[in-house]
Amino acid sequence: MANPKDISGSASGDNTVIGPSIVINGKLTGDEDLTVRGRLEGELSLTKTLIVEPSGIVKANVSVKNAVVSGAVVGNVDAAESIELTKEGRMVGDIRSPRVILVDGASFRGRIDMGEVKGERAASDRGARPSVRAVRSVPVAARPSANSRARSAGKPPVPPPPPESRSTTPLPPMVAAGSRRRVVVKKKVR
Amino acid sequence: MANTVIGSSIVIDGEISGDEDLVVQGTVKGKISLKESLYVESSGVVEADIETQNVEVSGKVTGNINASDKVELKTDCRVIGDIKAPRILIADGASFKGNVDMDMKER
């Protein structure tokens with residue numbers, strides 16, 4: 001089978017390729033680039049780059065430095081440096097990486113955690129929104145910040161009323177449940 | 001040719017199956033079943049039962065090998081396990097411990 005196109009990076013040298021008819025079931029670890037054109041299920045951890053080509057399917061919890069996904073990934077991905085979903089990439093699962101690139105055409109369902117966006121990791125982890133659906137670009141920037149969401153999700157034990165933001169919309173808790181979040185987002189945007 | 005390579009720093013613990021050649025430079029534990037050839041290069045370590053058409057070993061293999069065509073143990077390989085195949089080649093310098101079954105009646 002002709003190799004569809006060489007995706008940047010791992011062109012030459014000692015890199016590992018899993019061909020299109022290969023199925024690996026189990027745990028894979030390594031210190032080099034890995035290109036998946038076949039199927040890999042289980043657990044994957046690399047200290048370098050994972051490339052999932054369009055024919056590749058990865059159903060695994062993945063821990064890598066960089067990931068470029070043009071195929072399908074089901075599972076959580078922890079990328080120390082970056083993850084990119086190309087226009088052919090499909091992914092379901094949660095992403096943890098400081099740099100997340102979702103290109104137009106990529107499909108993704110799951111959570112994204114870019115680390116200390118605004119601090120308050122705990123609040124964002126149990127965030128009101130279980131998942132984001134992104135088709136075009138990085139959605140995280142558009143998300144309401146962790147503390148505004150925490151406020152909208154119900155009264156926190158110690159409601160911190162920053163006067164300047166409260167005054168603009170005096171009664172957010174009274175608004176119908178469905179529209180609450182939107183109110184908060186608007187407030188955040190300004 | 002689409003060729004699958006398990007690089008020298010890669011460790012796989014599990015099962016590999018497929019319809020194409022597989023080159024192992026790293027470590028594979030578990031099971032390998034292929035419809036084509038398996039090449040265990042000199043840096044390769046396989047601790048697995050192997051079921052393929054052809055096997056060529058220059059590295060280390062621990063486990064039973066069942067090949068439908070040929071098994072070739074090259075110089076400096078180290079193989080422990082039983083081999084079952086119609087054709088088995090053992091080169092000078094290879095080390096091997098185990099049973100050999102060439103399945104005479106099929107020939």
# chains A, B, ... in the order shown; residues from 1 in each chain; ligands from 1
$ interface_residues --of "chain B" --to "chain A" --cutoff "9 Å" --atoms "only C-alpha atoms" --output "NGL selection string"
:B and (1-22 or 26 or 28 or 30 or 34)
$ select_by_dssp --residues "chain B" --states "strand (DSSP E)" --output "CSV table (one decimal) with C-alpha atoms, in the first residue's frame"
chain,number,residue,atom,x,y,z
B,4,THR,CA,6.0,-2.6,9.9
B,5,VAL,CA,9.0,-1.9,12.1
B,6,ILE,CA,9.2,-2.0,15.8
B,11,VAL,CA,8.7,-2.3,24.0
B,12,ILE,CA,5.4,-4.0,23.3
B,13,ASP,CA,3.7,-6.1,25.8
B,14,GLY,CA,0.7,-7.8,24.2
B,15,GLU,CA,-0.4,-9.3,21.0
B,16,ILE,CA,0.5,-8.4,17.5
B,17,SER,CA,-1.3,-9.7,14.5
B,18,GLY,CA,-1.4,-8.8,10.8
B,22,LEU,CA,7.1,-7.3,10.7
B,23,VAL,CA,10.6,-6.2,11.6
B,24,VAL,CA,11.5,-6.3,15.2
B,27,THR,CA,11.2,-5.8,22.4
B,28,VAL,CA,8.0,-7.7,22.0
B,29,LYS,CA,6.4,-9.8,24.7
B,30,GLY,CA,3.3,-11.8,24.3
B,31,LYS,CA,2.2,-13.2,21.0
B,32,ILE,CA,2.9,-12.6,17.4
B,33,SER,CA,0.8,-14.0,14.6
B,34,LEU,CA,1.3,-12.9,11.0
B,37,SER,CA,7.4,-12.9,7.5
B,38,LEU,CA,8.8,-11.9,10.9
B,39,TYR,CA,12.3,-10.6,11.0
B,40,VAL,CA,13.9,-10.4,14.4
B,45,VAL,CA,14.2,-9.4,21.6
B,46,VAL,CA,11.1,-11.4,21.3
B,47,GLU,CA,9.5,-13.2,24.3
B,48,ALA,CA,6.5,-14.5,22.6
B,49,ASP,CA,4.9,-17.4,20.8
B,50,ILE,CA,5.2,-16.8,17.1
B,51,GLU,CA,2.9,-18.0,14.4
B,52,THR,CA,3.9,-16.8,10.9
B,53,GLN,CA,4.8,-18.0,7.4
B,54,ASN,CA,8.5,-17.2,7.7
B,55,VAL,CA,10.7,-16.3,10.5
B,56,GLU,CA,14.3,-14.9,10.3
B,57,VAL,CA,16.0,-14.5,13.6
B,60,LYS,CA,16.9,-13.2,20.7
B,61,VAL,CA,13.7,-15.2,20.7
B,62,THR,CA,12.2,-17.0,23.7
B,65,ILE,CA,7.9,-20.7,16.8
B,66,ASN,CA,5.3,-22.2,14.4
B,67,ALA,CA,6.0,-21.3,10.8
B,68,SER,CA,4.0,-22.5,7.8
B,69,ASP,CA,7.0,-22.2,5.5
B,70,LYS,CA,10.5,-21.5,6.9
B,71,VAL,CA,12.4,-20.7,10.0
B,72,GLU,CA,15.9,-19.3,9.6
B,73,LEU,CA,18.2,-19.0,12.6
B,78,ARG,CA,19.8,-17.0,20.4
B,79,VAL,CA,16.6,-19.0,20.4
B,80,ILE,CA,15.0,-20.9,23.2
B,83,ILE,CA,10.3,-24.8,16.4
B,84,LYS,CA,7.7,-26.3,14.1
B,87,ARG,CA,11.9,-25.9,6.5
B,88,ILE,CA,14.4,-25.0,9.2
B,89,LEU,CA,17.8,-23.5,8.6
B,90,ILE,CA,20.3,-23.0,11.4
B,95,SER,CA,22.5,-20.9,19.4
B,96,PHE,CA,19.3,-22.8,19.9
B,97,LYS,CA,17.7,-24.8,22.6
B,100,VAL,CA,12.5,-29.1,16.2
B,101,ASP,CA,9.5,-30.5,14.3
$ residues_around --residues "Ser63 (chain A)" --least-positions-apart "4" --cutoff "6 Å" --atoms "only C-alpha atoms" --output "PyMOL selection string"
chain A and resi 45+77-79
$ residues_around --residues "Ala72 (chain A)" --least-positions-apart "5" --cutoff "7 Å" --atoms "only C-alpha atoms" --output "list in words"
Gly56, Ile57, Val58, Gly89, Arg90 and Met91 of chain A
$ atom_distance --atom1 "CA of Glu41 (chain B)" --atom2 "CA of Asp82 (chain B)"
19.3 Å
$ atom_distance --atom1 "CA of Val64 (chain A)" --atom2 "CA of Val103 (chain A)"
19.8 Å
$ atom_distance --atom1 "CA of Ser97 (chain A)" --atom2 "CA of Val74 (chain A)"
16.2 Å
$ residues_around --residues "Lys65 (chain A)" --least-positions-apart "6" --cutoff "7 Å" --atoms "only C-alpha atoms" --output "list in words"
Leu46, Thr47, Lys48, Thr49, Ala79, Ala80, Glu81 and Ser82 of chain A
$ decode --residues "region 25-134 of chain A" --atoms "C-alpha atoms" --output "short mmCIF file (atom, residue, chain, number, x, y, z; two decimals), in the first residue's frame"
data_model
loop_
_atom_site.label_atom_id
_atom_site.label_comp_id
_atom_site.auth_asym_id
_atom_site.auth_seq_id
_atom_site.Cartn_x
_atom_site.Cartn_y
_atom_site.Cartn_z
CA ASN A 25 -3.20 -5.41 21.45
CA GLY A 26 -1.47 -4.55 24.65
CA LYS A 27 1.02 -2.12 26.00
CA LEU A 28 3.53 -0.24 23.94
CA THR A 29 6.30 1.92 25.30
CA GLY A 30 9.25 3.54 23.65
CA ASP A 31 11.65 6.40 23.15
CA GLU A 32 11.22 7.06 19.48
CA ASP A 33 8.68 8.27 16.98
CA LEU A 34 5.84 5.95 16.21
CA THR A 35 3.71 5.98 13.09
CA VAL A 36 0.47 4.08 13.22
CA ARG A 37 -1.16 3.04 9.97
CA GLY A 38 -2.81 -0.01 11.45
CA ARG A 39 -4.52 -0.61 14.72
CA LEU A 40 -3.27 -0.27 18.24
CA GLU A 41 -5.30 -1.06 21.32
CA GLY A 42 -4.36 -0.86 24.94
CA GLU A 43 -1.84 1.52 26.33
CA LEU A 44 0.76 3.63 24.62
CA SER A 45 3.52 5.75 26.07
CA LEU A 46 6.30 7.38 24.15
CA THR A 47 8.86 10.04 24.88
CA LYS A 48 8.63 11.27 21.30
CA THR A 49 6.00 11.81 18.66
CA LEU A 50 3.02 9.69 17.85
CA ILE A 51 1.68 10.01 14.33
CA VAL A 52 -1.64 8.43 13.56
CA GLU A 53 -2.08 8.35 9.83
CA PRO A 54 -5.49 8.37 8.14
CA SER A 55 -5.65 4.59 8.06
CA GLY A 56 -4.53 4.34 11.67
CA ILE A 57 -6.75 3.56 14.61
CA VAL A 58 -5.61 3.95 18.18
CA LYS A 59 -7.86 2.82 20.98
CA ALA A 60 -5.67 3.47 23.93
CA ASN A 61 -4.72 5.72 26.71
CA VAL A 62 -1.88 7.63 25.19
CA SER A 63 0.96 9.44 26.86
CA VAL A 64 3.42 11.06 24.48
CA LYS A 65 5.39 14.21 23.91
CA ASN A 66 3.75 15.19 20.65
CA ALA A 67 0.84 13.71 18.80
CA VAL A 68 -0.36 14.29 15.26
CA VAL A 69 -3.68 12.67 14.59
CA SER A 70 -4.92 12.18 11.05
CA GLY A 71 -6.66 8.93 11.77
CA ALA A 72 -8.85 7.88 14.64
CA VAL A 73 -8.05 8.00 18.32
CA VAL A 74 -10.34 6.78 21.04
CA GLY A 75 -9.02 7.30 24.52
CA ASN A 76 -7.37 9.90 26.62
CA VAL A 77 -4.29 11.61 25.32
CA ASP A 78 -1.70 13.20 27.52
CA ALA A 79 0.75 15.11 25.35
CA ALA A 80 3.60 16.79 27.19
CA GLU A 81 4.19 19.27 24.41
CA SER A 82 1.46 19.37 21.81
CA ILE A 83 -1.31 17.55 20.05
CA GLU A 84 -2.63 18.32 16.62
CA LEU A 85 -5.78 17.00 15.03
CA THR A 86 -5.44 17.44 11.30
CA LYS A 87 -8.40 17.88 8.99
CA GLU A 88 -8.77 14.12 8.71
CA GLY A 89 -8.33 13.50 12.39
CA ARG A 90 -11.09 12.07 14.50
CA MET A 91 -10.86 11.72 18.20
CA VAL A 92 -13.03 10.86 21.16
CA GLY A 93 -11.50 11.29 24.57
CA ASP A 94 -9.90 13.82 26.81
CA ILE A 95 -6.83 15.78 25.92
CA ARG A 96 -4.26 17.12 28.32
CA SER A 97 -1.61 19.18 26.67
CA PRO A 98 -0.29 22.72 26.82
CA ARG A 99 -0.69 23.13 23.07
CA VAL A 100 -3.76 21.80 21.34
CA ILE A 101 -4.31 22.39 17.66
CA LEU A 102 -7.61 21.49 16.08
CA VAL A 103 -7.67 22.16 12.40
CA ASP A 104 -10.80 22.88 10.40
CA GLY A 105 -12.34 19.53 9.49
CA ALA A 106 -11.06 17.68 12.50
CA SER A 107 -13.68 16.10 14.67
CA PHE A 108 -13.32 15.80 18.37
CA ARG A 109 -15.45 14.97 21.35
CA GLY A 110 -14.08 15.20 24.83
CA ARG A 111 -12.44 17.55 27.21
CA ILE A 112 -9.38 19.62 26.73
CA ASP A 113 -7.13 20.66 29.53
CA MET A 114 -4.31 23.00 28.60
CA GLY A 115 -3.10 23.28 32.15
CA GLU A 116 -3.02 26.53 34.05
CA VAL A 117 -5.24 28.62 31.81
CA LYS A 118 -6.47 30.62 34.80
CA GLY A 119 -5.40 28.49 37.70
CA GLU A 120 -8.25 26.82 39.56
CA ARG A 121 -7.68 23.43 38.05
CA ALA A 122 -10.08 21.84 40.48
CA ALA A 123 -13.02 23.95 39.42
CA SER A 124 -12.38 23.34 35.77
CA ASP A 125 -12.08 19.62 36.30
CA ARG A 126 -15.57 19.28 37.63
CA GLY A 127 -16.74 21.93 35.24
CA ALA A 128 -20.40 22.30 34.46
CA ARG A 129 -19.79 21.23 30.90
CA PRO A 130 -18.80 17.60 30.52
CA SER A 131 -17.53 17.89 27.01
CA VAL A 132 -16.84 20.29 24.24
CA ARG A 133 -17.52 19.71 20.62
CA ALA A 134 -15.06 21.42 18.40
#
